[in-house]
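Text of entry33.cif (mmCIF, C-alpha atoms) as supplied:
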data_run
loop_
_atom_site.label_atom_id
_atom_site.label_comp_id
_atom_site.auth_asym_id
_atom_site.auth_seq_id
_atom_site.Cartn_x
_atom_site.Cartn_y
_atom_site.Cartn_z
CA MET R 1 7.47 27.54 -37.42
CA SER R 2 9.94 24.87 -36.31
CA ALA R 3 9.76 21.26 -37.49
CA ARG R 4 8.81 20.28 -33.94
CA ASP R 5 5.86 22.70 -33.87
CA GLU R 6 4.75 21.54 -37.30
CA ILE R 7 4.74 17.89 -36.18
CA LEU R 8 2.88 18.71 -32.97
CA ASN R 9 0.27 20.73 -34.87
CA ARG R 10 -0.35 17.81 -37.24
CA LEU R 11 -0.70 15.42 -34.32
CA ARG R 12 -3.10 17.74 -32.49
CA ALA R 13 -5.26 18.08 -35.60
CA LYS R 14 -5.65 14.30 -35.80
CA SER R 15 -6.18 13.69 -32.09
CA ARG R 16 -9.53 12.34 -30.93
CA GLN R 17 -11.15 11.33 -27.68
CA ALA R 18 -10.52 7.66 -26.98
CA ASP R 19 -12.82 5.46 -24.93
CA PRO R 20 -11.02 3.92 -21.97
CA PRO R 21 -10.85 0.12 -21.93
CA GLN R 22 -13.36 -1.76 -19.81
CA PRO R 23 -12.08 -2.89 -16.39
CA TRP R 24 -10.65 -6.38 -16.43
CA ARG R 25 -12.83 -9.00 -14.76
CA SER R 26 -11.71 -12.44 -13.82
CA ARG R 27 -13.57 -15.28 -15.44
CA ARG R 28 -13.71 -16.89 -12.03
CA ASP R 29 -16.30 -16.19 -9.35
CA PHE R 30 -15.61 -16.60 -5.66
CA ASP R 31 -18.41 -17.04 -3.15
CA ASP R 32 -16.19 -15.73 -0.34
CA LEU R 33 -13.74 -13.11 -1.61
CA ALA R 34 -12.14 -12.59 1.82
CA GLY R 35 -11.68 -16.32 2.26
CA GLN R 36 -10.23 -16.68 -1.24
CA TYR R 37 -7.85 -13.79 -0.58
CA GLU R 38 -6.68 -15.38 2.66
CA GLU R 39 -6.06 -18.73 0.92
CA ALA R 40 -4.18 -17.08 -1.95
CA LEU R 41 -2.07 -14.97 0.43
CA LYS R 42 -1.15 -18.01 2.52
CA ALA R 43 -0.19 -19.87 -0.67
CA VAL R 44 2.48 -17.22 -1.33
CA LYS R 45 3.69 -17.38 2.30
CA GLY R 46 1.69 -14.37 3.46
CA GLU R 47 0.06 -14.16 6.87
CA VAL R 48 -3.42 -12.92 7.69
CA ARG R 49 -4.26 -11.21 10.96
CA HIS R 50 -7.86 -10.23 11.55
CA ALA R 51 -9.11 -7.05 13.22
CA THR R 52 -12.61 -5.60 13.15
CA ASN R 53 -11.62 -2.00 13.88
CA LEU R 54 -8.65 0.32 14.35
CA ALA R 55 -8.23 -0.56 18.01
CA GLY R 56 -8.08 -4.24 17.12
CA ALA R 57 -5.61 -3.53 14.32
CA LEU R 58 -3.38 -1.62 16.74
CA ASP R 59 -3.54 -4.54 19.18
CA GLN R 60 -2.50 -6.86 16.35
CA LEU R 61 0.32 -4.46 15.47
CA ASN R 62 1.44 -4.38 19.10
CA GLN R 63 1.64 -8.17 19.14
CA LEU R 64 3.57 -8.20 15.87
CA LEU R 65 6.05 -5.55 17.03
CA HIS R 66 6.85 -7.61 20.10
CA GLU R 67 7.08 -10.89 18.18
CA LEU R 68 9.51 -9.36 15.69
CA GLU R 69 11.37 -7.35 18.33
CA THR R 70 11.25 -4.27 16.11
CA GLU R 71 13.41 -1.27 16.83
CA LYS R 72 13.02 0.92 13.72
CA ILE R 73 9.76 1.44 11.83
CA ILE R 74 8.88 3.66 8.89
CA VAL R 75 5.26 4.76 8.44
CA ASP R 76 3.63 6.06 5.27
CA ASP R 77 2.13 9.54 5.57
CA HIS R 78 -1.35 8.32 4.61
CA PRO R 79 -4.53 10.04 5.88
CA LEU R 80 -5.77 6.78 7.44
CA LEU R 81 -2.60 6.59 9.56
CA GLN R 82 -2.28 10.26 10.53
CA ASP R 83 -4.42 10.03 13.68
CA VAL R 84 -2.39 7.18 15.18
CA ASP R 85 0.21 8.34 17.72
CA PHE R 86 2.73 5.61 16.97
CA ALA R 87 5.58 7.20 18.97
CA GLY R 88 3.31 7.83 21.95
CA ARG R 89 1.98 4.28 21.95
CA TRP R 90 5.38 2.62 21.38
CA PRO R 91 8.03 5.06 22.66
CA GLU R 92 10.71 2.34 22.70
CA VAL R 93 10.65 2.21 18.88
CA ASP R 94 12.53 4.61 16.59
CA TRP R 95 9.78 5.94 14.27
CA PHE R 96 10.10 7.69 10.92
CA ILE R 97 6.91 9.20 9.50
CA VAL R 98 7.34 9.91 5.78
CA ASP R 99 7.17 13.63 4.95
CA GLN R 100 7.06 14.53 8.66
CA THR R 101 10.24 13.20 10.24
CA LYS R 102 13.43 15.02 9.34
CA GLY R 103 16.17 12.96 7.74
CA ASP R 104 16.74 10.73 4.75
CA THR R 105 13.69 8.54 4.13
CA ARG R 106 15.57 6.09 1.91
CA SER R 107 18.34 5.50 4.45
CA PHE R 108 15.88 5.00 7.28
CA ALA R 109 13.76 2.63 5.19
CA ALA R 110 16.83 0.57 4.27
CA ALA R 111 17.62 0.05 7.96
CA ALA R 112 14.01 -0.31 9.21
CA ASP R 113 12.71 -3.55 10.69
CA LEU R 114 9.17 -2.87 9.50
CA GLY R 115 7.15 -0.56 7.27
CA ILE R 116 3.54 0.43 7.83
CA SER R 117 1.44 1.52 4.87
CA VAL R 118 -2.07 1.32 3.47
CA ALA R 119 -3.06 -0.97 0.60
CA ASP R 120 -5.22 0.39 -2.19
CA ILE R 121 -6.44 -2.94 -3.53
CA ALA R 122 -6.28 -6.59 -2.50
CA LEU R 123 -6.72 -9.16 -5.27
CA ALA R 124 -8.57 -12.24 -4.05
CA GLU R 125 -7.57 -14.39 -6.99
CA THR R 126 -3.83 -14.06 -6.43
CA GLY R 127 -3.36 -12.79 -2.88
CA SER R 128 -1.69 -9.69 -4.31
CA VAL R 129 -1.68 -6.27 -2.69
CA VAL R 130 -1.60 -3.04 -4.71
CA MET R 131 -0.05 -0.01 -3.07
CA SER R 132 0.67 3.44 -4.40
#

For this file, produce the structure as structure tokens.
Amino acid sequence: MSARDEILNRLRAKSRQADPPQPWRSRRDFDDLAGQYEEALKAVKGEVRHATNLAGALDQLNQLLHELETEKIIVDDHPLLQDVDFAGRWPEVDWFIVDQTKGDTRSFAAAADLGISVADIALAETGSVVMS
């Protein structure tokens, strides 16, 4: 038995199931989490655009694309975005769909005017967005 195997065997013999830590909870309560998030995001120079459904979100995106005069956009290959025909709706834009469009993702992203993705979590206290 090698020294490595001996060490690993000793470690395995002493291993035990650990309880995961409790989720962190802020000591602050907010009556209106969405309102607090909007305030916190604006404080860090973020912008909030409201939409009640996918059609409204696409209308907001259309407005944003024209305001920013975008030419190149990269889109995350996320299940929530897969049913949107970005290229069909905005054929004047050069689209790159991650894991679908051929070519170098990193190079396209470096030259893109805009990226479209999905956030996993929004933190009301700080205006932060968590993405994976």

Long-range neighbours of Thr126 (chain R) as a VMD selection string, 8 Å cut-off, all atoms listed in the file, 5 positions minimum in chain: chain R and resid 37 40 to 41

Residue contacts of Glu39 (chain R) (12 Å, all atoms listed in the file) excluding same-chain residues fewer than 2 positions away, as a ChimeraX atom specification: /R:30,32-37,41-48,123-128

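The spacing separating CA of Thr101 (chain R) from CA of Asp76 (chain R) amounts to 10.9 Å.
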
Residue IDs satisfying the PyMOL selection byres ((chain R and resi 87-89) around 12), as an MDAnalysis selection string: chainID R and resid 55 58:59 61:62 65 71:75 82:86 90:97 101

Polymer residues at most 12 Å from Met131 (chain R), all atoms listed in the file, same-chain spacing of 4 or more positions, as a ChimeraX atom specification: /R:76,78,116-123

Exercise: Leu68 (chain R) partners within 9 Å, all atoms listed in the file, chain neighbours under 3 positions left out, as a PyMOL selection string: chain R and resi 63-65+113-114

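Coordinates place CA of His50 (chain R) at a distance of 16.0 Å from CA of Val129 (chain R).
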
Box dimensions and centre (Å, one decimal) enclosing region 16-25 of chain R, axis-aligned, 3 Å extra per side, as AutoDock Vina command-line options:
--center_x -11.4 --center_y 1.7 --center_z -22.8 --size_x 9.8 --size_y 27.3 --size_z 22.2

d(CA of Leu80 (chain R), CA of Val130 (chain R)) in Å: 16.2 Å
